[in-house]
Amino acid sequence: MSPLSMREIRTNAKSSDVGRLTRDQIQPAVEDVLRKTSFVDVHTHLFAPAFDGLGLWGIDELLTYHYLEAELFRSSDITGEKYWPLAKQDKAEVIWRALFVENSPVSEATRGVIAVLNAFGLPTDKPDLREARAFFAAQRPEKHVQRVFDMAGVSEVVMTNDPLDPQEAPLWERGVESRPQFHAAMRLDQIVNSWSKYWGVLAEQGYRADENVSGDTAAEVRRFLCDWYERMHPVEMAVSLPDTFRYPEESARCKLLREAILPSCREFKIPLALMIGARYQVNPTLRLAGDAVGKADLRALENLCRDFPENRLLASILSRENQHELCVYARKFSNLMPFGCWWFLNNPSIVEEITRERIEMLGTSFIPQHSDARVLEQVIYKWRNTRRTLAEILARSYRLLAENGRKVTWLDIQNDVTRLFRSNFERWTGIRTSGLG
Ligand code: FIX
Ligand code: ZN
């Protein structure tokens, strides 16, 4: 009997247990389900087209991505003094020559650009960027966004929105028309990590705030958060915290978290996303590429989970060395949802290690990945990489399950993939997303 086609397995799956997969059918079934399920990208730096000029896309932005700028200074003699004053296009030419012409683009980030060019049928080995530049210049943002989301298998993304960003804030105050596919996330790094610098900004805006977070400050910060909640309707509040983050400690940061941010998250019934472990600007001459990673003391996360059981916490930890602890804490605290293999972890070999451990320790009760895309077309290769890595890991888990005596059905796989890449986040944020696509 010839093996059932995917379509036959799918149609049968709902009606009977014929959908039980043989060992050889598991991998193609997993690949099929991953390919056909569109994901929610829970953390990006993308913007809806209406955010004039904030959303980055096209070949020059792809090439001047800070990951590639970090790699440029390892593979070229150009100095920062020479590179930074260049126009965007010239920067892109310098990077293309150094990393794609004079050297093989084998790193994850350079391979990504090749994958994007190839996805649009553009040449990947030309000495210049004329054809690619002409192609992207011809794209109309609205249509291009949808095409790129379809190519990446993403139905919607979560942005990173800073209410204190001088370019972005006025757009929200003017009532920018976002799109249902672009969910807002209220990013609070400035307030949480640089209060001594930003309390004055809130005071200038009419909030009775002071540097010591005394008096009405906490209540006024809550009023600030409420005003911005009304403008953004964010699906979460989010903050990046350094590897040195401690909780509790006598600091403006901990006071603001305890007395303003966590209570407001409870009031608005949204989670707080904690991104812990960056060492900011260890080499400022690299600008955005100047941050590094440090192993964090995750007892801060333990204390937050225990002290605020009513708050749902999303956590992405930057250091590889912290990943096992994070899994253990997620087993201890049901208000903790690990998400993504963030930044320096977003490399297939490390994603595989982390994801296998998470499946073994958490089943499907976590969010495997986010793209962290800063340039629109990056979602194409970042999600292709993720689907490729997850297919191997999930198929292996299902083969082991079958060996242990439990047959796997197509429906099992669909339910698990939907949970990992959609409903875990939907449940945590309470959002209704635009469906399976
Ligand atoms: O804090 C963050 O959201 C980080 O993702 C970024 O700051 C970082 O620069 C980045 O782009 C990582 O991929
Ligand atoms: Zn990010």
# chains A, B, ... in the order shown; residues from 1 in each chain; ligands from 1
call {"tool": "closest_atom_pairs", "arguments": {"of": "chain A", "to": "ligand 2", "cutoff": "7 Å", "atoms": "only C-alpha atoms and all ligand atoms", "output": "Markdown table"}}
result
| residue | atom | partner | partner_atom_place_in_ligand_line | distance |
| --- | --- | --- | --- | --- |
| A:His43 | CA | ligand 2 | 1 (Zn) | 6.3 |
| A:Thr44 | CA | ligand 2 | 1 (Zn) | 5.8 |
| A:His45 | CA | ligand 2 | 1 (Zn) | 6.1 |
| A:Asp372 | CA | ligand 2 | 1 (Zn) | 4.7 |
call {"tool": "select_by_dssp", "arguments": {"residues": "region 246-344 of chain A", "states": "strand (DSSP E or B)", "output": "list in words"}}
result
Leu272, Ala273, Leu274, Met275, Ile276, Gly277, Ala278, Arg279, Ala292, Val293, Leu313, Leu314, Ala315, Ser316, Ile317, Leu336, Met337, Pro338 and Phe339 of chain A
call {"tool": "write_last_selection", "arguments": {"atoms": "N, CA, C and O atoms", "output": "mmCIF file, in the first residue's frame"}}
result
data_model
loop_
_atom_site.group_PDB
_atom_site.id
_atom_site.type_symbol
_atom_site.label_atom_id
_atom_site.label_comp_id
_atom_site.auth_asym_id
_atom_site.auth_seq_id
_atom_site.Cartn_x
_atom_site.Cartn_y
_atom_site.Cartn_z
ATOM 1 N N LEU A 272 4.832 41.049 31.576
ATOM 2 C CA LEU A 272 6.066 41.822 31.494
ATOM 3 C C LEU A 272 7.130 40.916 30.879
ATOM 4 O O LEU A 272 7.355 39.808 31.367
ATOM 5 N N ALA A 273 7.743 41.371 29.781
ATOM 6 C CA ALA A 273 8.814 40.590 29.138
ATOM 7 C C ALA A 273 10.157 41.075 29.676
ATOM 8 O O ALA A 273 10.473 42.268 29.576
ATOM 9 N N LEU A 274 10.913 40.140 30.254
ATOM 10 C CA LEU A 274 12.222 40.454 30.821
ATOM 11 C C LEU A 274 13.288 39.872 29.900
ATOM 12 O O LEU A 274 13.267 38.671 29.636
ATOM 13 N N MET A 275 14.175 40.724 29.411
ATOM 14 C CA MET A 275 15.272 40.251 28.550
ATOM 15 C C MET A 275 16.565 40.552 29.290
ATOM 16 O O MET A 275 16.986 41.699 29.372
ATOM 17 N N ILE A 276 17.160 39.528 29.858
ATOM 18 C CA ILE A 276 18.229 39.706 30.849
ATOM 19 C C ILE A 276 19.569 39.198 30.326
ATOM 20 O O ILE A 276 19.632 38.129 29.712
ATOM 21 N N GLY A 277 20.632 39.982 30.554
ATOM 22 C CA GLY A 277 21.961 39.444 30.301
ATOM 23 C C GLY A 277 22.872 40.240 29.391
ATOM 24 O O GLY A 277 24.016 39.858 29.163
ATOM 25 N N ALA A 278 22.391 41.364 28.857
ATOM 26 C CA ALA A 278 23.285 42.145 27.984
ATOM 27 C C ALA A 278 24.303 42.920 28.815
ATOM 28 O O ALA A 278 23.997 43.361 29.919
ATOM 29 N N ARG A 279 25.509 43.059 28.262
ATOM 30 C CA ARG A 279 26.494 43.988 28.821
ATOM 31 C C ARG A 279 26.576 45.113 27.803
ATOM 32 O O ARG A 279 27.106 44.949 26.710
ATOM 33 N N ALA A 292 27.592 43.312 24.562
ATOM 34 C CA ALA A 292 28.063 41.926 24.716
ATOM 35 C C ALA A 292 27.136 41.179 25.663
ATOM 36 O O ALA A 292 26.027 41.637 25.965
ATOM 37 N N VAL A 293 27.560 40.023 26.136
ATOM 38 C CA VAL A 293 26.727 39.182 26.996
ATOM 39 C C VAL A 293 27.468 38.871 28.290
ATOM 40 O O VAL A 293 28.692 38.814 28.319
ATOM 41 N N LEU A 313 5.091 36.541 33.538
ATOM 42 C CA LEU A 313 6.407 37.013 33.107
ATOM 43 C C LEU A 313 6.862 36.222 31.893
ATOM 44 O O LEU A 313 6.766 34.986 31.875
ATOM 45 N N LEU A 314 7.322 36.938 30.864
ATOM 46 C CA LEU A 314 8.010 36.324 29.731
ATOM 47 C C LEU A 314 9.493 36.559 29.987
ATOM 48 O O LEU A 314 9.874 37.636 30.453
ATOM 49 N N ALA A 315 10.329 35.555 29.725
ATOM 50 C CA ALA A 315 11.762 35.758 29.971
ATOM 51 C C ALA A 315 12.607 35.198 28.835
ATOM 52 O O ALA A 315 12.392 34.064 28.393
ATOM 53 N N SER A 316 13.533 36.036 28.357
ATOM 54 C CA SER A 316 14.531 35.597 27.393
ATOM 55 C C SER A 316 15.879 35.982 27.972
ATOM 56 O O SER A 316 16.075 37.146 28.341
ATOM 57 N N ILE A 317 16.766 34.996 28.117
ATOM 58 C CA ILE A 317 18.027 35.220 28.811
ATOM 59 C C ILE A 317 19.153 35.092 27.791
ATOM 60 O O ILE A 317 19.192 34.146 27.012
ATOM 61 N N LEU A 336 5.880 31.916 34.680
ATOM 62 C CA LEU A 336 7.089 32.216 33.914
ATOM 63 C C LEU A 336 7.057 31.495 32.564
ATOM 64 O O LEU A 336 6.901 30.271 32.507
ATOM 65 N N MET A 337 7.193 32.241 31.460
ATOM 66 C CA MET A 337 7.190 31.661 30.109
ATOM 67 C C MET A 337 8.504 31.999 29.419
ATOM 68 O O MET A 337 8.728 33.157 29.049
ATOM 69 N N PRO A 338 9.399 31.005 29.287
ATOM 70 C CA PRO A 338 10.634 31.263 28.536
ATOM 71 C C PRO A 338 10.319 31.499 27.050
ATOM 72 O O PRO A 338 9.428 30.849 26.503
ATOM 73 N N PHE A 339 11.014 32.458 26.473
ATOM 74 C CA PHE A 339 10.805 32.662 25.039
ATOM 75 C C PHE A 339 12.123 32.920 24.326
ATOM 76 O O PHE A 339 13.006 33.592 24.850
#
call {"tool": "closest_atom_pairs", "arguments": {"of": "chain A", "to": "ligand 1", "cutoff": "7 Å", "atoms": "only C-alpha atoms and all ligand atoms", "output": "JSON lines"}}
result
{"residue": "A:Ser240", "atom": "CA", "partner": "ligand 1", "partner_atom_place_in_ligand_line": "1 (O)", "distance": 5.3}
{"residue": "A:Met275", "atom": "CA", "partner": "ligand 1", "partner_atom_place_in_ligand_line": "1 (O)", "distance": 7.0}
{"residue": "A:Leu288", "atom": "CA", "partner": "ligand 1", "partner_atom_place_in_ligand_line": "9 (O)", "distance": 6.1}
{"residue": "A:Ala289", "atom": "CA", "partner": "ligand 1", "partner_atom_place_in_ligand_line": "9 (O)", "distance": 6.9}
{"residue": "A:Trp342", "atom": "CA", "partner": "ligand 1", "partner_atom_place_in_ligand_line": "13 (O)", "distance": 6.7}
{"residue": "A:Trp343", "atom": "CA", "partner": "ligand 1", "partner_atom_place_in_ligand_line": "13 (O)", "distance": 4.0}
{"residue": "A:Asp372", "atom": "CA", "partner": "ligand 1", "partner_atom_place_in_ligand_line": "13 (O)", "distance": 5.0}
{"residue": "A:Ala373", "atom": "CA", "partner": "ligand 1", "partner_atom_place_in_ligand_line": "13 (O)", "distance": 6.9}
{"residue": "A:Arg374", "atom": "CA", "partner": "ligand 1", "partner_atom_place_in_ligand_line": "11 (O)", "distance": 6.3}
call {"tool": "residues_around", "arguments": {"residues": "Arg299 (chain A)", "least_positions_apart": "4", "cutoff": "9 Å", "atoms": "only C-alpha atoms", "output": "list in words"}}
result
Arg246, Tyr247, Asn303 and Leu304 of chain A
call {"tool": "residues_around", "arguments": {"residues": "region 219-225 of chain A", "least_positions_apart": "2", "cutoff": "6 Å", "atoms": "only C-alpha atoms", "output": "list in words"}}
result
Tyr207, Arg208, Asp216, Thr217, Asp227, Trp228, Tyr229 and Ala260 of chain A
call {"tool": "residues_around", "arguments": {"residues": "region 377-382 of chain A", "least_positions_apart": "5", "cutoff": "6 Å", "atoms": "only C-alpha atoms", "output": "list in words"}}
result
Gly112, Ala152 and Ser371 of chain A
call {"tool": "atom_distance", "arguments": {"atom1": "CA of Ala395 (chain A)", "atom2": "CA of Ser107 (chain A)"}}
result
26.3 Å
call {"tool": "closest_residue", "arguments": {"among": "A:Gln414, A:Leu401, A:His66, A:Thr285", "to": "Lys82 (chain A)", "atoms": "only C-alpha atoms"}}
result
A:Thr285
call {"tool": "closest_residue", "arguments": {"among": "A:Leu164, A:Leu21, A:Leu298, A:Cys226", "to": "Arg187 (chain A)", "atoms": "only C-alpha atoms"}}
result
A:Leu164
call {"tool": "closest_residue", "arguments": {"among": "A:Glu81, A:Glu357, A:Asp32, A:Glu108", "to": "Leu411 (chain A)", "atoms": "only C-alpha atoms"}}
result
A:Asp32
call {"tool": "select_by_dssp", "arguments": {"residues": "region 23-246 of chain A", "states": "helix (DSSP H, G or I)", "output": "VMD selection string"}}
result
chain A and resid 23 to 36 59 to 63 66 to 75 80 to 83 88 to 101 108 to 119 130 to 137 141 to 152 169 to 173 189 to 193 195 to 204 217 to 232
call {"tool": "write_last_selection", "arguments": {"atoms": "C-alpha atoms", "output": "mmCIF file, in the first residue's frame"}}
result
data_model
loop_
_atom_site.group_PDB
_atom_site.id
_atom_site.type_symbol
_atom_site.label_atom_id
_atom_site.label_comp_id
_atom_site.auth_asym_id
_atom_site.auth_seq_id
_atom_site.Cartn_x
_atom_site.Cartn_y
_atom_site.Cartn_z
ATOM 1 C CA ARG A 23 8.339 6.219 11.773
ATOM 2 C CA ASP A 24 9.223 7.367 8.238
ATOM 3 C CA GLN A 25 6.190 9.604 7.963
ATOM 4 C CA ILE A 26 7.052 11.618 11.063
ATOM 5 C CA GLN A 27 9.779 13.892 9.610
ATOM 6 C CA PRO A 28 7.825 14.890 6.450
ATOM 7 C CA ALA A 29 4.689 15.427 8.572
ATOM 8 C CA VAL A 30 6.596 17.726 10.954
ATOM 9 C CA GLU A 31 8.122 19.660 8.048
ATOM 10 C CA ASP A 32 4.684 19.964 6.438
ATOM 11 C CA VAL A 33 3.039 21.267 9.585
ATOM 12 C CA LEU A 34 5.879 23.727 10.293
ATOM 13 C CA ARG A 35 5.721 24.965 6.696
ATOM 14 C CA LYS A 36 1.944 25.418 6.720
ATOM 15 C CA ILE A 59 19.463 45.716 0.740
ATOM 16 C CA ASP A 60 21.302 48.655 2.332
ATOM 17 C CA GLU A 61 19.593 48.084 5.678
ATOM 18 C CA LEU A 62 20.173 44.312 5.418
ATOM 19 C CA LEU A 63 23.904 44.858 4.880
ATOM 20 C CA HIS A 66 24.796 45.694 13.404
ATOM 21 C CA TYR A 67 25.576 41.953 13.390
ATOM 22 C CA LEU A 68 27.394 42.516 10.041
ATOM 23 C CA GLU A 69 29.055 45.725 11.223
ATOM 24 C CA ALA A 70 30.603 43.729 14.081
ATOM 25 C CA GLU A 71 31.843 41.156 11.540
ATOM 26 C CA LEU A 72 33.123 43.892 9.171
ATOM 27 C CA PHE A 73 35.703 45.178 11.639
ATOM 28 C CA ARG A 74 37.092 41.623 11.947
ATOM 29 C CA SER A 75 37.474 41.144 8.201
ATOM 30 C CA GLY A 80 35.422 53.339 12.621
ATOM 31 C CA GLU A 81 36.578 56.865 11.864
ATOM 32 C CA LYS A 82 36.412 55.972 8.132
ATOM 33 C CA TYR A 83 33.289 53.790 8.234
ATOM 34 C CA LYS A 88 24.251 54.234 4.117
ATOM 35 C CA GLN A 89 24.755 52.959 0.548
ATOM 36 C CA ASP A 90 28.539 53.331 0.818
ATOM 37 C CA LYS A 91 28.542 51.490 4.140
ATOM 38 C CA ALA A 92 26.579 48.690 2.436
ATOM 39 C CA GLU A 93 29.110 48.549 -0.415
ATOM 40 C CA VAL A 94 32.015 48.327 2.059
ATOM 41 C CA ILE A 95 30.321 45.460 3.919
ATOM 42 C CA TRP A 96 29.317 43.639 0.731
ATOM 43 C CA ARG A 97 32.921 43.790 -0.576
ATOM 44 C CA ALA A 98 34.570 42.740 2.716
ATOM 45 C CA LEU A 99 32.166 39.989 3.841
ATOM 46 C CA PHE A 100 30.564 38.717 0.602
ATOM 47 C CA VAL A 101 33.189 39.285 -2.138
ATOM 48 C CA GLU A 108 24.886 32.950 10.186
ATOM 49 C CA ALA A 109 24.293 36.683 9.587
ATOM 50 C CA THR A 110 25.997 36.821 6.166
ATOM 51 C CA ARG A 111 24.324 33.595 5.047
ATOM 52 C CA GLY A 112 21.068 35.284 6.008
ATOM 53 C CA VAL A 113 21.553 38.054 3.447
ATOM 54 C CA ILE A 114 22.353 35.475 0.778
ATOM 55 C CA ALA A 115 19.154 33.589 1.664
ATOM 56 C CA VAL A 116 17.087 36.776 1.313
ATOM 57 C CA LEU A 117 18.601 37.679 -2.067
ATOM 58 C CA ASN A 118 18.014 34.112 -3.248
ATOM 59 C CA ALA A 119 14.418 34.143 -1.956
ATOM 60 C CA ARG A 130 22.997 47.472 -8.528
ATOM 61 C CA GLU A 131 20.407 44.759 -9.310
ATOM 62 C CA ALA A 132 19.436 44.206 -5.697
ATOM 63 C CA ARG A 133 19.136 47.935 -5.067
ATOM 64 C CA ALA A 134 16.925 48.395 -8.137
ATOM 65 C CA PHE A 135 14.696 45.516 -7.032
ATOM 66 C CA PHE A 136 14.088 46.836 -3.531
ATOM 67 C CA ALA A 137 13.614 50.394 -4.793
ATOM 68 C CA PRO A 141 5.998 49.022 1.384
ATOM 69 C CA GLU A 142 2.412 47.914 2.061
ATOM 70 C CA LYS A 143 2.504 45.090 -0.549
ATOM 71 C CA HIS A 144 6.105 44.200 0.224
ATOM 72 C CA VAL A 145 5.374 43.736 3.952
ATOM 73 C CA GLN A 146 2.636 41.217 3.188
ATOM 74 C CA ARG A 147 4.780 39.373 0.660
ATOM 75 C CA VAL A 148 7.683 39.132 3.113
ATOM 76 C CA PHE A 149 5.414 37.913 5.938
ATOM 77 C CA ASP A 150 4.009 35.235 3.619
ATOM 78 C CA MET A 151 7.522 34.158 2.558
ATOM 79 C CA ALA A 152 8.584 33.964 6.226
ATOM 80 C CA ALA A 169 6.655 59.040 20.536
ATOM 81 C CA PRO A 170 5.241 61.938 18.452
ATOM 82 C CA LEU A 171 3.821 59.402 15.965
ATOM 83 C CA TRP A 172 1.804 57.714 18.718
ATOM 84 C CA GLU A 173 0.764 61.088 20.143
ATOM 85 C CA ASP A 189 14.572 50.382 29.161
ATOM 86 C CA GLN A 190 15.161 54.111 29.595
ATOM 87 C CA ILE A 191 12.836 54.415 32.595
ATOM 88 C CA VAL A 192 14.041 51.197 34.267
ATOM 89 C CA ASN A 193 17.788 51.325 33.537
ATOM 90 C CA TRP A 195 15.959 56.634 35.729
ATOM 91 C CA SER A 196 18.516 59.180 36.953
ATOM 92 C CA LYS A 197 18.571 60.502 33.368
ATOM 93 C CA TYR A 198 14.884 60.150 32.448
ATOM 94 C CA TRP A 199 12.886 61.099 35.549
ATOM 95 C CA GLY A 200 13.346 64.699 34.393
ATOM 96 C CA VAL A 201 11.789 63.910 31.016
ATOM 97 C CA LEU A 202 8.639 62.641 32.764
ATOM 98 C CA ALA A 203 8.643 65.693 35.032
ATOM 99 C CA GLU A 204 8.833 67.949 31.972
ATOM 100 C CA THR A 217 6.573 59.166 41.763
ATOM 101 C CA ALA A 218 5.399 55.542 41.554
ATOM 102 C CA ALA A 219 1.758 56.605 41.131
ATOM 103 C CA GLU A 220 2.813 59.190 38.524
ATOM 104 C CA VAL A 221 4.832 56.605 36.610
ATOM 105 C CA ARG A 222 1.713 54.437 36.656
ATOM 106 C CA ARG A 223 -0.214 57.401 35.221
ATOM 107 C CA PHE A 224 2.462 57.706 32.498
ATOM 108 C CA LEU A 225 2.147 53.963 31.739
ATOM 109 C CA CYS A 226 -1.651 54.272 31.655
ATOM 110 C CA ASP A 227 -1.490 57.171 29.171
ATOM 111 C CA TRP A 228 0.805 55.138 26.934
ATOM 112 C CA TYR A 229 -1.320 52.016 27.348
ATOM 113 C CA GLU A 230 -4.230 54.005 25.931
ATOM 114 C CA ARG A 231 -2.107 55.118 22.957
ATOM 115 C CA MET A 232 -0.360 51.831 22.120
#
call {"tool": "atom_distance", "arguments": {"atom1": "CA of Asn322 (chain A)", "atom2": "CA of Pro242 (chain A)"}}
result
13.4 Å
call {"tool": "closest_residue", "arguments": {"among": "A:Ser423, A:Ser334, A:Ser178, A:Asn347", "to": "Leu362 (chain A)", "atoms": "only C-alpha atoms"}}
result
A:Ser334
call {"tool": "closest_residue", "arguments": {"among": "A:Asp243, A:Glu267, A:Glu302, A:Asp41", "to": "Met159 (chain A)", "atoms": "only C-alpha atoms"}}
result
A:Asp41
call {"tool": "decode", "arguments": {"residues": "region 332-343 of chain A", "atoms": "N, CA, C and O atoms", "output": "mmCIF file, in the first residue's frame"}}
result
data_model
loop_
_atom_site.group_PDB
_atom_site.id
_atom_site.type_symbol
_atom_site.label_atom_id
_atom_site.label_comp_id
_atom_site.auth_asym_id
_atom_site.auth_seq_id
_atom_site.Cartn_x
_atom_site.Cartn_y
_atom_site.Cartn_z
ATOM 1 N N LYS A 332 9.353 25.541 38.077
ATOM 2 C CA LYS A 332 8.968 25.910 39.452
ATOM 3 C C LYS A 332 7.873 26.969 39.482
ATOM 4 O O LYS A 332 7.133 27.069 40.468
ATOM 5 N N PHE A 333 7.832 27.808 38.449
ATOM 6 C CA PHE A 333 6.908 28.945 38.476
ATOM 7 C C PHE A 333 6.021 28.946 37.227
ATOM 8 O O PHE A 333 6.501 29.226 36.121
ATOM 9 N N SER A 334 4.719 28.693 37.421
ATOM 10 C CA SER A 334 3.818 28.633 36.251
ATOM 11 C C SER A 334 3.506 30.035 35.719
ATOM 12 O O SER A 334 2.869 30.172 34.686
ATOM 13 N N ASN A 335 3.984 31.079 36.382
ATOM 14 C CA ASN A 335 3.800 32.442 35.844
ATOM 15 C C ASN A 335 5.019 32.875 35.026
ATOM 16 O O ASN A 335 5.172 34.067 34.717
ATOM 17 N N LEU A 336 5.880 31.916 34.680
ATOM 18 C CA LEU A 336 7.089 32.216 33.914
ATOM 19 C C LEU A 336 7.057 31.495 32.564
ATOM 20 O O LEU A 336 6.901 30.271 32.507
ATOM 21 N N MET A 337 7.193 32.241 31.460
ATOM 22 C CA MET A 337 7.190 31.661 30.109
ATOM 23 C C MET A 337 8.504 31.999 29.419
ATOM 24 O O MET A 337 8.728 33.157 29.049
ATOM 25 N N PRO A 338 9.399 31.005 29.287
ATOM 26 C CA PRO A 338 10.634 31.263 28.536
ATOM 27 C C PRO A 338 10.319 31.499 27.050
ATOM 28 O O PRO A 338 9.428 30.849 26.503
ATOM 29 N N PHE A 339 11.014 32.458 26.473
ATOM 30 C CA PHE A 339 10.805 32.662 25.039
ATOM 31 C C PHE A 339 12.123 32.920 24.326
ATOM 32 O O PHE A 339 13.006 33.592 24.850
ATOM 33 N N GLY A 340 12.250 32.381 23.140
ATOM 34 C CA GLY A 340 13.308 32.692 22.203
ATOM 35 C C GLY A 340 14.718 32.321 22.599
ATOM 36 O O GLY A 340 15.040 32.059 23.741
ATOM 37 N N CYS A 341 15.547 32.244 21.549
ATOM 38 C CA CYS A 341 17.001 32.116 21.695
ATOM 39 C C CYS A 341 17.538 33.448 21.203
ATOM 40 O O CYS A 341 17.716 33.657 20.013
ATOM 41 N N TRP A 342 17.738 34.343 22.180
ATOM 42 C CA TRP A 342 17.922 35.774 21.932
ATOM 43 C C TRP A 342 19.320 36.129 21.416
ATOM 44 O O TRP A 342 20.312 35.650 21.991
ATOM 45 N N TRP A 343 19.392 36.964 20.369
ATOM 46 C CA TRP A 343 20.578 37.706 19.970
ATOM 47 C C TRP A 343 21.774 36.785 19.691
ATOM 48 O O TRP A 343 21.779 36.068 18.703
#
